[in-house]
file my_file_25.txt (compact mmCIF, C-alpha atoms (C1' of nucleotides))
# COMPACT_ATOMS: atom_id res chain seq x y z
CA MET A 1 56.41 -55.75 59.60
CA ASP A 2 59.86 -57.18 59.34
CA GLU A 3 61.06 -55.64 56.18
CA GLN A 4 64.19 -53.97 57.28
CA PRO A 5 66.68 -56.07 55.35
CA ARG A 6 65.46 -54.74 52.05
CA LEU A 7 68.13 -52.14 51.84
CA MET A 8 70.68 -54.26 53.52
CA HIS A 9 70.99 -56.50 50.49
CA ALA A 10 71.18 -59.48 52.76
CA HIS A 11 74.84 -59.90 52.16
CA GLY A 12 76.00 -62.69 54.33
CA VAL A 13 74.49 -61.61 57.49
CA ALA A 14 75.88 -64.38 59.57
CA MET A 15 79.36 -64.44 58.25
CA ALA A 16 81.20 -63.88 61.44
CA ARG A 17 80.08 -67.22 62.68
CA HIS A 18 83.11 -68.63 60.89
CA GLY A 19 85.26 -67.68 63.71
CA HIS A 20 87.67 -64.99 64.60
CA GLY A 21 87.46 -61.36 63.72
CA HIS A 22 87.89 -60.19 60.24
CA ALA A 23 88.41 -63.62 58.86
CA GLY A 24 84.74 -63.39 58.13
CA LEU A 25 85.52 -61.00 55.39
CA ALA A 26 87.28 -63.61 53.41
CA PRO A 27 84.34 -65.26 51.62
CA HIS A 28 83.45 -62.04 49.95
CA MET A 29 86.79 -60.94 48.80
CA PRO A 30 86.10 -59.41 45.44
CA ASP A 31 88.99 -60.73 43.52
CA GLY A 32 89.08 -64.45 43.77
CA GLY A 33 89.38 -64.63 47.49
CA SER A 34 92.90 -65.79 47.82
CA THR A 35 93.06 -65.87 51.55
CA GLY A 36 96.70 -65.91 51.59
CA PRO A 37 99.54 -64.33 53.43
CA ASP A 38 98.52 -60.75 52.75
CA GLY A 39 96.49 -60.21 55.91
CA ASP A 40 98.37 -57.01 56.66
CA ALA A 41 97.43 -55.62 53.31
CA ARG A 42 93.80 -56.26 54.07
CA LYS A 43 94.13 -54.55 57.38
CA GLN A 44 95.64 -51.65 55.64
CA ASP A 45 92.81 -51.59 53.15
CA ILE A 46 90.23 -51.53 55.87
CA GLY A 47 92.04 -48.83 57.71
CA ASP A 48 92.23 -46.93 54.51
CA ILE A 49 88.54 -47.19 53.78
CA LEU A 50 87.60 -46.30 57.32
CA GLN A 51 89.82 -43.32 57.14
CA GLN A 52 88.10 -42.22 54.00
CA ILE A 53 84.73 -42.55 55.61
CA MET A 54 85.83 -40.61 58.62
CA THR A 55 87.26 -37.74 56.64
CA ILE A 56 84.68 -37.59 53.94
CA THR A 57 82.86 -34.74 55.54
CA ASP A 58 85.96 -32.64 55.63
CA GLN A 59 86.32 -32.55 51.91
CA SER A 60 84.93 -30.08 49.50
CA LEU A 61 81.95 -31.24 47.57
CA ASP A 62 83.74 -32.25 44.41
CA GLU A 63 86.45 -33.89 46.32
CA ALA A 64 83.93 -35.71 48.41
CA GLN A 65 82.08 -36.82 45.33
CA ALA A 66 85.22 -38.20 43.84
CA ARG A 67 86.19 -39.85 47.04
CA LYS A 68 82.79 -41.35 47.40
CA HIS A 69 83.02 -42.80 43.98
CA ALA A 70 86.42 -44.21 44.78
CA LEU A 71 84.98 -45.61 47.95
CA ASN A 72 82.18 -47.32 46.15
CA CYS A 73 84.57 -48.86 43.73
CA HIS A 74 86.97 -49.92 46.38
CA ARG A 75 87.58 -53.59 46.33
CA MET A 76 87.00 -53.93 50.01
CA LYS A 77 83.76 -52.09 49.98
CA PRO A 78 81.32 -55.01 49.73
CA ALA A 79 83.09 -56.80 52.48
CA LEU A 80 83.01 -53.85 54.78
CA PHE A 81 79.41 -53.34 53.89
CA ASN A 82 78.69 -56.85 54.95
CA VAL A 83 80.41 -56.40 58.24
CA LEU A 84 78.46 -53.28 58.88
CA CYS A 85 75.29 -55.13 58.01
CA GLU A 86 76.12 -57.76 60.49
CA ILE A 87 76.89 -55.38 63.28
CA LYS A 88 73.75 -53.59 62.45
CA GLU A 89 71.77 -56.77 62.63
CA LYS A 90 72.95 -57.26 66.16
CA THR A 91 72.19 -53.77 67.34
CA VAL A 92 69.00 -53.23 65.46
CA LEU A 93 67.17 -55.38 67.94
CA SER A 94 67.76 -52.95 70.68
CA ILE A 95 66.67 -50.13 68.45
CA ARG A 96 63.55 -51.94 67.48
CA GLY A 97 62.75 -52.48 71.11
CA ALA A 98 62.97 -48.81 71.85
CA GLN A 99 60.10 -47.79 69.69
CA GLU A 100 58.36 -44.95 71.40
CA GLU A 101 54.71 -44.55 70.75
CA GLU A 102 54.07 -40.92 71.41
CA PRO A 103 50.65 -40.11 72.77
CA PRO A 104 49.10 -36.85 71.64
CA ASP A 105 50.60 -34.22 73.83
CA PRO A 106 47.86 -32.81 76.07
CA GLN A 107 49.51 -29.45 76.25
CA LEU A 108 49.76 -29.23 72.51
CA MET A 109 46.12 -30.11 72.25
CA ARG A 110 45.30 -27.44 74.75
CA LEU A 111 47.20 -24.87 72.75
CA ASP A 112 45.56 -26.00 69.54
CA ASN A 113 42.15 -25.75 71.06
CA MET A 114 42.81 -22.34 72.39
CA LEU A 115 44.13 -21.05 69.10
CA LEU A 116 41.11 -22.48 67.43
CA ALA A 117 38.76 -20.92 69.94
CA GLU A 118 40.48 -17.60 69.67
CA GLY A 119 40.11 -17.59 65.93
CA VAL A 120 43.83 -17.63 65.27
CA ALA A 121 43.81 -21.07 63.81
CA GLY A 122 40.90 -22.46 61.91
CA PRO A 123 38.61 -20.69 59.48
CA GLU A 124 38.65 -16.94 59.04
CA LYS A 125 36.97 -14.89 61.73
CA GLY A 126 35.43 -17.61 63.77
CA GLY A 127 34.61 -17.80 67.43
CA GLY A 128 37.29 -15.36 68.39
CA ALA A 129 35.47 -12.61 66.64
CA ALA A 130 32.41 -13.35 68.70
CA ALA A 131 34.29 -12.74 71.92
CA ALA A 132 35.71 -9.61 70.42
CA ALA A 133 32.31 -8.43 69.36
CA ALA A 134 30.91 -9.08 72.77
CA ALA A 135 33.58 -7.09 74.47
CA ALA A 136 33.40 -4.42 71.85
CA ALA A 137 29.71 -3.99 72.18
CA ALA A 138 30.14 -3.80 75.89
CA THR A 139 32.76 -1.14 75.70
CA GLY A 140 31.37 1.25 73.72
CA GLY A 141 28.42 1.51 73.66
CA ILE A 142 25.57 2.00 72.01
CA GLY A 143 27.11 4.88 70.42
CA ALA A 144 29.23 5.29 67.41
CA ASP A 145 32.69 5.37 68.85
CA ASN A 146 33.23 1.78 69.82
CA SER A 147 34.17 0.63 66.38
CA ALA A 148 37.61 2.09 66.80
CA GLU A 149 38.57 -0.21 69.63
CA HIS A 150 36.83 -3.10 68.04
CA SER A 151 38.62 -2.78 64.78
CA ASP A 152 41.82 -2.19 66.68
CA TYR A 153 41.37 -5.48 68.40
CA ARG A 154 40.47 -7.21 65.20
CA ALA A 155 43.42 -5.70 63.42
CA LYS A 156 45.82 -6.86 66.11
CA LEU A 157 44.28 -10.28 66.21
CA SER A 158 44.54 -10.72 62.50
CA GLN A 159 48.09 -9.48 62.67
CA ILE A 160 48.89 -12.16 65.17
CA ARG A 161 47.03 -14.59 63.02
CA GLN A 162 49.00 -13.69 59.98
CA ILE A 163 52.32 -13.92 61.72
CA TYR A 164 51.31 -17.23 63.16
CA HIS A 165 50.37 -18.66 59.83
CA THR A 166 53.40 -17.46 57.96
CA GLU A 167 55.66 -18.77 60.68
CA LEU A 168 53.84 -22.05 60.76
CA GLU A 169 54.11 -22.38 57.04
CA LYS A 170 57.76 -21.49 57.17
CA TYR A 171 58.39 -24.20 59.73
CA GLU A 172 56.38 -26.65 57.72
CA GLN A 173 58.38 -25.90 54.63
CA ALA A 174 61.67 -26.02 56.45
CA CYS A 175 60.68 -29.32 57.98
CA ASN A 176 59.80 -30.81 54.64
CA GLU A 177 62.95 -29.52 53.07
CA PHE A 178 65.06 -30.82 55.84
CA THR A 179 63.31 -34.15 55.82
CA THR A 180 63.75 -34.73 52.13
CA HIS A 181 67.33 -33.61 52.44
CA VAL A 182 68.01 -36.06 55.21
CA MET A 183 66.19 -38.80 53.39
CA ASN A 184 68.22 -38.24 50.29
CA LEU A 185 71.33 -38.26 52.34
CA LEU A 186 70.40 -41.45 54.07
CA ARG A 187 69.43 -43.11 50.84
CA GLU A 188 72.69 -42.08 49.37
CA GLN A 189 74.52 -43.36 52.36
CA SER A 190 72.64 -46.59 52.30
CA ARG A 191 74.92 -47.57 49.48
CA THR A 192 77.83 -47.41 51.81
CA ARG A 193 76.33 -48.46 55.05
CA PRO A 194 73.24 -50.46 55.85
CA ILE A 195 70.18 -48.36 56.51
CA SER A 196 66.78 -49.88 56.75
CA PRO A 197 63.61 -48.06 55.72
CA LYS A 198 62.55 -48.35 59.31
CA GLU A 199 65.51 -46.32 60.34
CA ILE A 200 64.81 -43.69 57.78
CA GLU A 201 61.29 -43.55 59.05
CA ARG A 202 62.59 -43.26 62.55
CA MET A 203 64.84 -40.44 61.54
CA VAL A 204 61.97 -38.69 59.84
CA ASN A 205 59.96 -39.10 62.98
CA ILE A 206 62.70 -37.58 65.02
CA ILE A 207 62.92 -34.65 62.68
CA HIS A 208 59.20 -34.16 62.74
CA ARG A 209 59.14 -34.28 66.48
CA LYS A 210 61.86 -31.71 66.64
CA PHE A 211 60.05 -29.42 64.30
CA SER A 212 56.74 -29.90 66.01
CA SER A 213 58.34 -28.91 69.26
CA ILE A 214 59.45 -25.75 67.54
CA GLN A 215 55.93 -25.31 66.30
CA MET A 216 54.69 -25.77 69.79
CA GLN A 217 56.87 -22.93 70.92
CA LEU A 218 55.35 -20.84 68.20
CA LYS A 219 51.89 -21.84 69.28
CA GLN A 220 52.71 -21.09 72.87
CA SER A 221 54.01 -17.64 72.16
CA THR A 222 51.05 -16.98 69.91
CA CYS A 223 48.75 -18.00 72.70
CA GLU A 224 50.58 -15.68 75.02
CA ALA A 225 50.26 -12.82 72.59
CA VAL A 226 46.56 -13.45 72.20
CA MET A 227 46.12 -13.62 75.93
CA ILE A 228 47.91 -10.35 76.42
CA LEU A 229 45.89 -8.72 73.71
CA ARG A 230 42.73 -10.14 75.15
CA SER A 231 43.46 -9.06 78.68
CA ARG A 232 44.29 -5.61 77.46
CA PHE A 233 41.07 -5.56 75.56
CA LEU A 234 39.12 -6.78 78.53
CA ASP A 235 40.72 -4.08 80.58
CA ALA A 236 39.55 -1.67 77.98
CA ARG A 237 36.14 -3.20 78.32
CA ARG A 238 36.18 -2.39 81.99
CA LYS A 239 36.82 1.18 81.14
CA ARG A 240 33.41 2.62 80.92
CA ARG A 241 32.48 4.64 77.91
CA ASN A 242 29.53 6.91 78.17
CA PHE A 243 26.94 6.54 75.54
CA ASN A 244 26.82 9.22 72.99
CA LYS A 245 24.31 11.99 73.13
CA GLN A 246 21.96 10.54 70.60
CA ALA A 247 21.69 7.16 72.29
CA THR A 248 20.99 8.79 75.63
CA GLU A 249 18.34 10.96 74.07
CA ILE A 250 16.59 8.02 72.49
CA LEU A 251 16.61 6.08 75.71
CA ASN A 252 15.48 9.04 77.76
CA GLU A 253 12.74 9.75 75.31
CA TYR A 254 11.39 6.27 75.70
CA PHE A 255 11.81 6.39 79.44
CA TYR A 256 9.97 9.59 79.99
CA SER A 257 7.25 8.83 77.52
CA HIS A 258 6.60 5.57 79.33
CA LEU A 259 7.07 6.91 82.83
CA SER A 260 4.04 5.10 84.13
CA ASN A 261 5.49 1.81 83.05
CA PRO A 262 9.11 2.16 82.08
CA TYR A 263 9.65 -1.51 81.38
CA PRO A 264 10.30 -1.98 77.71
CA SER A 265 9.43 -5.38 76.35
CA GLU A 266 12.00 -7.49 74.58
CA GLU A 267 10.83 -6.15 71.27
CA ALA A 268 10.93 -2.58 72.50
CA LYS A 269 14.42 -3.11 73.84
CA GLU A 270 15.49 -4.53 70.58
CA GLU A 271 14.00 -1.62 68.79
CA LEU A 272 15.74 0.83 71.06
CA ALA A 273 18.97 -1.05 70.76
CA LYS A 274 18.74 -0.93 67.01
CA LYS A 275 18.02 2.76 67.06
CA CYS A 276 20.84 3.52 69.43
CA SER A 277 23.56 1.33 68.04
CA ILE A 278 24.06 2.69 64.64
CA THR A 279 27.47 1.24 64.06
CA VAL A 280 27.24 -1.96 66.02
CA SER A 281 25.65 -3.77 63.19
CA GLN A 282 27.27 -7.15 63.08
CA GLY A 283 24.53 -9.23 64.56
CA TRP A 284 25.47 -8.83 68.15
CA GLY A 285 22.03 -8.25 69.44
CA SER A 286 21.70 -9.81 72.83
CA ILE A 287 24.57 -7.92 74.39
CA ILE A 288 23.09 -4.65 73.33
CA ILE A 289 19.77 -5.69 74.77
CA VAL A 290 21.57 -6.20 78.05
CA ILE A 291 22.99 -2.74 77.76
CA VAL A 292 19.55 -1.32 77.22
CA SER A 293 18.31 -3.29 80.19
CA ASN A 294 21.15 -1.96 82.29
CA TRP A 295 20.33 1.53 81.26
CA PHE A 296 16.68 1.18 82.16
CA GLY A 297 17.49 -0.52 85.41
CA ASN A 298 19.82 2.28 86.40
CA LYS A 299 17.45 4.93 85.19
CA ARG A 300 14.46 3.53 87.05
CA ILE A 301 16.25 3.17 90.33
CA ARG A 302 17.92 6.55 90.10
CA TYR A 303 14.81 8.30 89.06
CA LYS A 304 12.90 6.77 91.86
CA LYS A 305 15.58 7.61 94.34
CA ASN A 306 15.51 11.27 93.59
CA ILE A 307 12.64 12.42 91.48
CA GLY A 308 13.37 16.03 92.11
CA LYS A 309 16.73 15.83 90.50
CA PHE A 310 15.24 14.44 87.32
CA GLN A 311 12.28 16.76 87.20
CA GLU A 312 13.85 19.13 84.77
CA GLU A 313 14.89 16.35 82.47
CA ALA A 314 11.43 14.83 82.73
CA ASN A 315 9.84 18.12 81.77
CA MET A 316 12.12 18.52 78.86
CA TYR A 317 11.43 15.13 77.36
CA ALA A 318 7.76 15.36 78.14
CA ALA A 319 7.62 18.61 76.29
CA ARG A 320 9.51 17.21 73.41
CA THR A 321 7.29 14.21 73.00
CA ALA A 322 4.26 16.43 73.41
CA VAL A 323 5.52 18.66 70.65
CA ASN A 324 6.23 15.67 68.49
CA ALA A 325 2.78 14.29 69.13
CA THR A 326 1.05 17.52 68.30
CA ASN A 327 3.18 17.99 65.22
CA VAL A 328 2.24 14.59 64.01
CA SER A 329 -1.38 14.53 65.01
CA ALA A 330 -2.62 17.98 64.15
CA HIS A 331 -1.47 21.44 63.29
CA GLY A 332 0.09 23.13 66.22
CA SER A 333 -2.62 23.22 68.81
CA GLN A 334 -1.02 23.45 72.18
CA ALA A 335 -3.94 21.57 73.61
CA ASN A 336 -2.27 19.25 76.02
CA SER A 337 -0.22 21.76 77.99
CA PRO A 338 3.18 21.68 76.26
CA SER A 339 4.98 21.53 79.54
CA THR A 340 3.30 18.86 81.56
CA PRO A 341 5.71 18.22 84.34
CA ASN A 342 3.15 16.54 86.49
CA SER A 343 2.91 13.55 84.24
CA ALA A 344 5.79 12.36 86.35
CA GLY A 345 3.46 12.16 89.27
CA GLU A 346 1.85 9.06 87.97
CA TYR A 347 5.10 7.18 88.00
CA ALA A 348 4.18 3.79 89.27
CA LEU A 349 7.46 3.15 90.96
CA VAL A 350 7.11 5.88 93.53
CA HIS A 351 6.33 4.18 96.72
CA SER A 352 8.98 5.17 99.20
CA GLY A 353 11.51 7.92 99.54
C1' DC B 1 43.10 16.33 93.28
C1' DC B 2 37.76 16.04 94.37
C1' DT B 3 33.02 15.06 93.17
C1' DG B 4 28.86 13.95 90.81
C1' DA B 5 27.28 11.26 86.80
C1' DT B 6 26.96 6.95 84.81
C1' DG B 7 27.60 2.20 82.92
C1' DA B 8 28.46 -2.43 84.80
C1' DT B 9 28.25 -5.97 88.20
C1' DT B 10 26.41 -8.35 91.97
C1' DA B 11 23.32 -10.52 95.42
C1' DA B 12 18.83 -10.86 96.79
C1' DA B 13 14.00 -11.13 95.82
C1' DG B 14 9.95 -11.97 92.93
C1' DC C 1 14.36 -15.77 84.00
C1' DT C 2 13.79 -10.24 85.28
C1' DT C 3 14.11 -6.54 88.41
C1' DT C 4 15.78 -4.07 92.50
C1' DA C 5 19.15 -2.10 95.31
C1' DA C 6 23.68 -1.58 96.53
C1' DT C 7 28.14 -1.09 95.04
C1' DC C 8 32.15 -0.70 92.02
C1' DA C 9 34.89 1.69 88.63
C1' DT C 10 35.44 5.02 85.53
C1' DC C 11 34.48 9.35 83.28
C1' DA C 12 33.97 14.40 82.92
C1' DG C 13 34.43 18.66 84.65
C1' DG C 14 35.59 22.02 88.27

call {"tool": "encode", "arguments": {"input": "my_file_25.txt", "output": "C-alpha cells"}}
result
Amino acid sequence: MDEQPRLMHAHGVAMARHGHGHAGLAPHMPDGGSTGPDGDARKQDIGDILQQIMTITDQSLDEAQARKHALNCHRMKPALFNVLCEIKEKTVLSIRGAQEEEPPDPQLMRLDNMLLAEGVAGPEKGGGAAAAAAAAAATGGIGADNSAEHSDYRAKLSQIRQIYHTELEKYEQACNEFTTHVMNLLREQSRTRPISPKEIERMVNIIHRKFSSIQMQLKQSTCEAVMILRSRFLDARRKRRNFNKQATEILNEYFYSHLSNPYPSEEAKEELAKKCSITVSQGWGSIIIVIVSNWFGNKRIRYKKNIGKFQEEANMYAARTAVNATNVSAHGSQANSPSTPNSAGEYALVHSG
DNA sequence: CCTGATGATTAAAG
DNA sequence: CTTTAATCATCAGG
C-alpha cells in the first residue's frame, strides 16, 4: 500500500540530513553545483520562485501559462521540488494517520430506504404506488370519482420524482466534472509540487463527501415533500366520499334480495366490488372488499336498529328485484305480489329492538 | 349554523 | 379471522 512516492520522483528525500537549512539544496544545483560565494543569489532565486508560485493565481490564464512554463524551466525548480518533497515526506505521516474510514451514514440509509419505499427512487411505480392505490381506493369509493384524487397524487409524486432525479443527476454530473477538474489540476501541479496518488484520492474522497452531503440535503427535502404530499393525501383519505348512486344501488339490491341472510361470501363481495368499482381497476382488490364489508356491516346494523326507517327502501328494492325476476323468468305475470314489503319480516337479524 | 345520512374505525365478542 | 355495536368524522341539504 505504500506507493505514494511514485509521483514524488524520489528526488533526494533525505537531503537535509547534510546539515543546516538550504545547504541541502546544493547537491542538486542544476548547473554544475558550484557551491560558491553566491548564497545570496540563491536566496534571491528561491524568493523569486516562491513569489511566482504565490502570485500565479492572480495572473490571467495566458500569463499564468507562460509563468508556469518559466517556473518549470527555472534552474532552481528541481531543487525546490526536492525540498518540498522532503517536507512532504515528514508531514505525510500525520496525514496518513488521519485516514477516516467513514461508516455508512445511518440517516442517509434511512432516507434512501424511505425514498425507495415511497417509489421516488428505484424502479418506476413501485411500492409507493401501492400505498397510493390503497388510500385512493379508500377515498373514493367504489364509485367513479376517486380517480381524480388518485391521479392527482400520482402526478404530484411523479413530479417530485422527476425533480429528484434531475437534481440528483445534475449533482452527479457536477461532482464528476469537478472531480476531474481537480484531478487534472492536481496532476498538473504535481509537476511543481509533490502530490501522491493517495492525496489525490483523498481529495477526491473529500469532494465526493461534500457532494454526497449536498445530495443528502436533496434527499431530505425530497423526503419532506413526499411526507407532506402523503399527509395531505391521507387527510384527503379521511375525508369521506359518499359512494355514487350506482354503487349504492348495486349494494342495496344485493342487501335487500338477501335480507334473510345478508352476509355475502368472499366471492360475492368480490363480485359486488367488481360491479361497483368501475374505475378502480388496477388490481387493488382487497381494499375494496373491505369497503364492501364495511358497507354491509353498517347496513345490517342500521337496518336492524330501525327497520321502519328502511321499510320504504326495502319495498322499493324488493319490487325491483321482483320485476327483474319476472321479466327474466316469464312474461309479465305479476304472480308474486310485485310489492312484497313483508319479505323484510323474515330478516334473521331481528331479535331485539 | 344545525342535523340526519353515511363511510370508516375501533373494541369487544364469537 | 369475521361480525357487532358504538363512535367518529365528514358530507349534504335545510

call {"tool": "atom_distance", "arguments": {"input": "my_file_25.txt", "atom1": "atom CA of A:Glu167", "atom2": "atom CA of A:Lys219"}}
result
9.9 Å

call {"tool": "closest_atom_pairs", "arguments": {"input": "my_file_25.txt", "of": "chain A", "to": "chain B", "cutoff": "9 Å", "atoms": "only C-alpha atoms (C1' of nucleotides)", "output": "CSV"}}
result
residue,atom,partner,partner_atom,distance
A:Arg238,CA,B:DA8,C1',8.2
A:Arg240,CA,B:DG7,C1',6.2
A:Arg241,CA,B:DG7,C1',7.4
A:Asn242,CA,B:DG7,C1',7.0
A:Phe243,CA,B:DG7,C1',8.6
A:Ile291,CA,B:DG7,C1',8.5
A:Asn294,CA,B:DG7,C1',7.7
A:Trp295,CA,B:DG7,C1',7.5
A:Asn298,CA,B:DG7,C1',8.5

call {"tool": "atom_distance", "arguments": {"input": "my_file_25.txt", "atom1": "atom CA of A:Lys275", "atom2": "atom CA of A:Tyr317"}}
result
17.4 Å

call {"tool": "atom_distance", "arguments": {"input": "my_file_25.txt", "atom1": "atom CA of A:Ser196", "atom2": "atom CA of A:Lys77"}}
result
18.4 Å

call {"tool": "interface_residues", "arguments": {"input": "my_file_25.txt", "of": "chain C", "to": "chain A", "cutoff": "10 Å", "atoms": "only C-alpha atoms (C1' of nucleotides)", "output": "mmCIF file with C-alpha atoms (C1' of nucleotides), in the coordinates of the input"}}
result
data_model
loop_
_atom_site.group_PDB
_atom_site.id
_atom_site.type_symbol
_atom_site.label_atom_id
_atom_site.label_comp_id
_atom_site.auth_asym_id
_atom_site.auth_seq_id
_atom_site.Cartn_x
_atom_site.Cartn_y
_atom_site.Cartn_z
ATOM 1 C "C1'" DT C 2 13.790 -10.240 85.280
ATOM 2 C "C1'" DT C 3 14.110 -6.540 88.410
ATOM 3 C "C1'" DT C 4 15.780 -4.070 92.500
ATOM 4 C "C1'" DA C 5 19.150 -2.100 95.310
ATOM 5 C "C1'" DA C 9 34.890 1.690 88.630
ATOM 6 C "C1'" DT C 10 35.440 5.020 85.530
ATOM 7 C "C1'" DC C 11 34.480 9.350 83.280
ATOM 8 C "C1'" DA C 12 33.970 14.400 82.920
#

call {"tool": "build_atoms", "arguments": {"input": "my_file_25.txt", "residues": "stretch 255-270 of chain A", "atoms": "N, CA and C atoms", "output": "PDB file, in the coordinates of the input"}}
result
ATOM      1  N   PHE A 255      12.027   6.468  77.994  1.00  0.00           N
ATOM      2  CA  PHE A 255      11.810   6.390  79.440  1.00  0.00           C
ATOM      3  C   PHE A 255      10.744   7.362  79.893  1.00  0.00           C
ATOM      4  N   TYR A 256      10.892   8.587  79.482  1.00  0.00           N
ATOM      5  CA  TYR A 256       9.970   9.590  79.990  1.00  0.00           C
ATOM      6  C   TYR A 256       8.611   9.537  79.313  1.00  0.00           C
ATOM      7  N   SER A 257       8.563   8.963  78.144  1.00  0.00           N
ATOM      8  CA  SER A 257       7.250   8.830  77.520  1.00  0.00           C
ATOM      9  C   SER A 257       6.547   7.566  77.985  1.00  0.00           C
ATOM     10  N   HIS A 258       7.260   6.746  78.748  1.00  0.00           N
ATOM     11  CA  HIS A 258       6.600   5.570  79.330  1.00  0.00           C
ATOM     12  C   HIS A 258       6.802   5.583  80.840  1.00  0.00           C
ATOM     13  N   LEU A 259       6.753   6.785  81.399  1.00  0.00           N
ATOM     14  CA  LEU A 259       7.070   6.910  82.830  1.00  0.00           C
ATOM     15  C   LEU A 259       6.178   6.048  83.702  1.00  0.00           C
ATOM     16  N   SER A 260       4.940   5.878  83.285  1.00  0.00           N
ATOM     17  CA  SER A 260       4.040   5.100  84.130  1.00  0.00           C
ATOM     18  C   SER A 260       4.409   3.617  84.127  1.00  0.00           C
ATOM     19  N   ASN A 261       5.080   3.208  83.100  1.00  0.00           N
ATOM     20  CA  ASN A 261       5.490   1.810  83.050  1.00  0.00           C
ATOM     21  C   ASN A 261       6.787   1.667  82.246  1.00  0.00           C
ATOM     22  N   PRO A 262       7.858   2.112  82.842  1.00  0.00           N
ATOM     23  CA  PRO A 262       9.110   2.160  82.080  1.00  0.00           C
ATOM     24  C   PRO A 262       9.807   0.810  81.971  1.00  0.00           C
ATOM     25  N   TYR A 263       9.070  -0.169  81.527  1.00  0.00           N
ATOM     26  CA  TYR A 263       9.650  -1.510  81.380  1.00  0.00           C
ATOM     27  C   TYR A 263       9.488  -1.951  79.927  1.00  0.00           C
ATOM     28  N   PRO A 264      10.419  -1.616  79.119  1.00  0.00           N
ATOM     29  CA  PRO A 264      10.300  -1.980  77.710  1.00  0.00           C
ATOM     30  C   PRO A 264      10.308  -3.497  77.540  1.00  0.00           C
ATOM     31  N   SER A 265       9.455  -3.947  76.646  1.00  0.00           N
ATOM     32  CA  SER A 265       9.430  -5.380  76.350  1.00  0.00           C
ATOM     33  C   SER A 265      10.688  -5.741  75.554  1.00  0.00           C
ATOM     34  N   GLU A 266      10.841  -7.039  75.357  1.00  0.00           N
ATOM     35  CA  GLU A 266      12.000  -7.490  74.580  1.00  0.00           C
ATOM     36  C   GLU A 266      12.048  -6.804  73.226  1.00  0.00           C
ATOM     37  N   GLU A 267      10.871  -6.742  72.613  1.00  0.00           N
ATOM     38  CA  GLU A 267      10.830  -6.150  71.270  1.00  0.00           C
ATOM     39  C   GLU A 267      11.207  -4.673  71.338  1.00  0.00           C
ATOM     40  N   ALA A 268      10.640  -4.007  72.362  1.00  0.00           N
ATOM     41  CA  ALA A 268      10.930  -2.580  72.500  1.00  0.00           C
ATOM     42  C   ALA A 268      12.411  -2.362  72.740  1.00  0.00           C
ATOM     43  N   LYS A 269      12.982  -3.232  73.575  1.00  0.00           N
ATOM     44  CA  LYS A 269      14.420  -3.110  73.840  1.00  0.00           C
ATOM     45  C   LYS A 269      15.217  -3.289  72.561  1.00  0.00           C
ATOM     46  N   GLU A 270      14.775  -4.278  71.820  1.00  0.00           N
ATOM     47  CA  GLU A 270      15.490  -4.530  70.580  1.00  0.00           C
ATOM     48  C   GLU A 270      15.403  -3.324  69.658  1.00  0.00           C
TER      49      GLU A 270
END
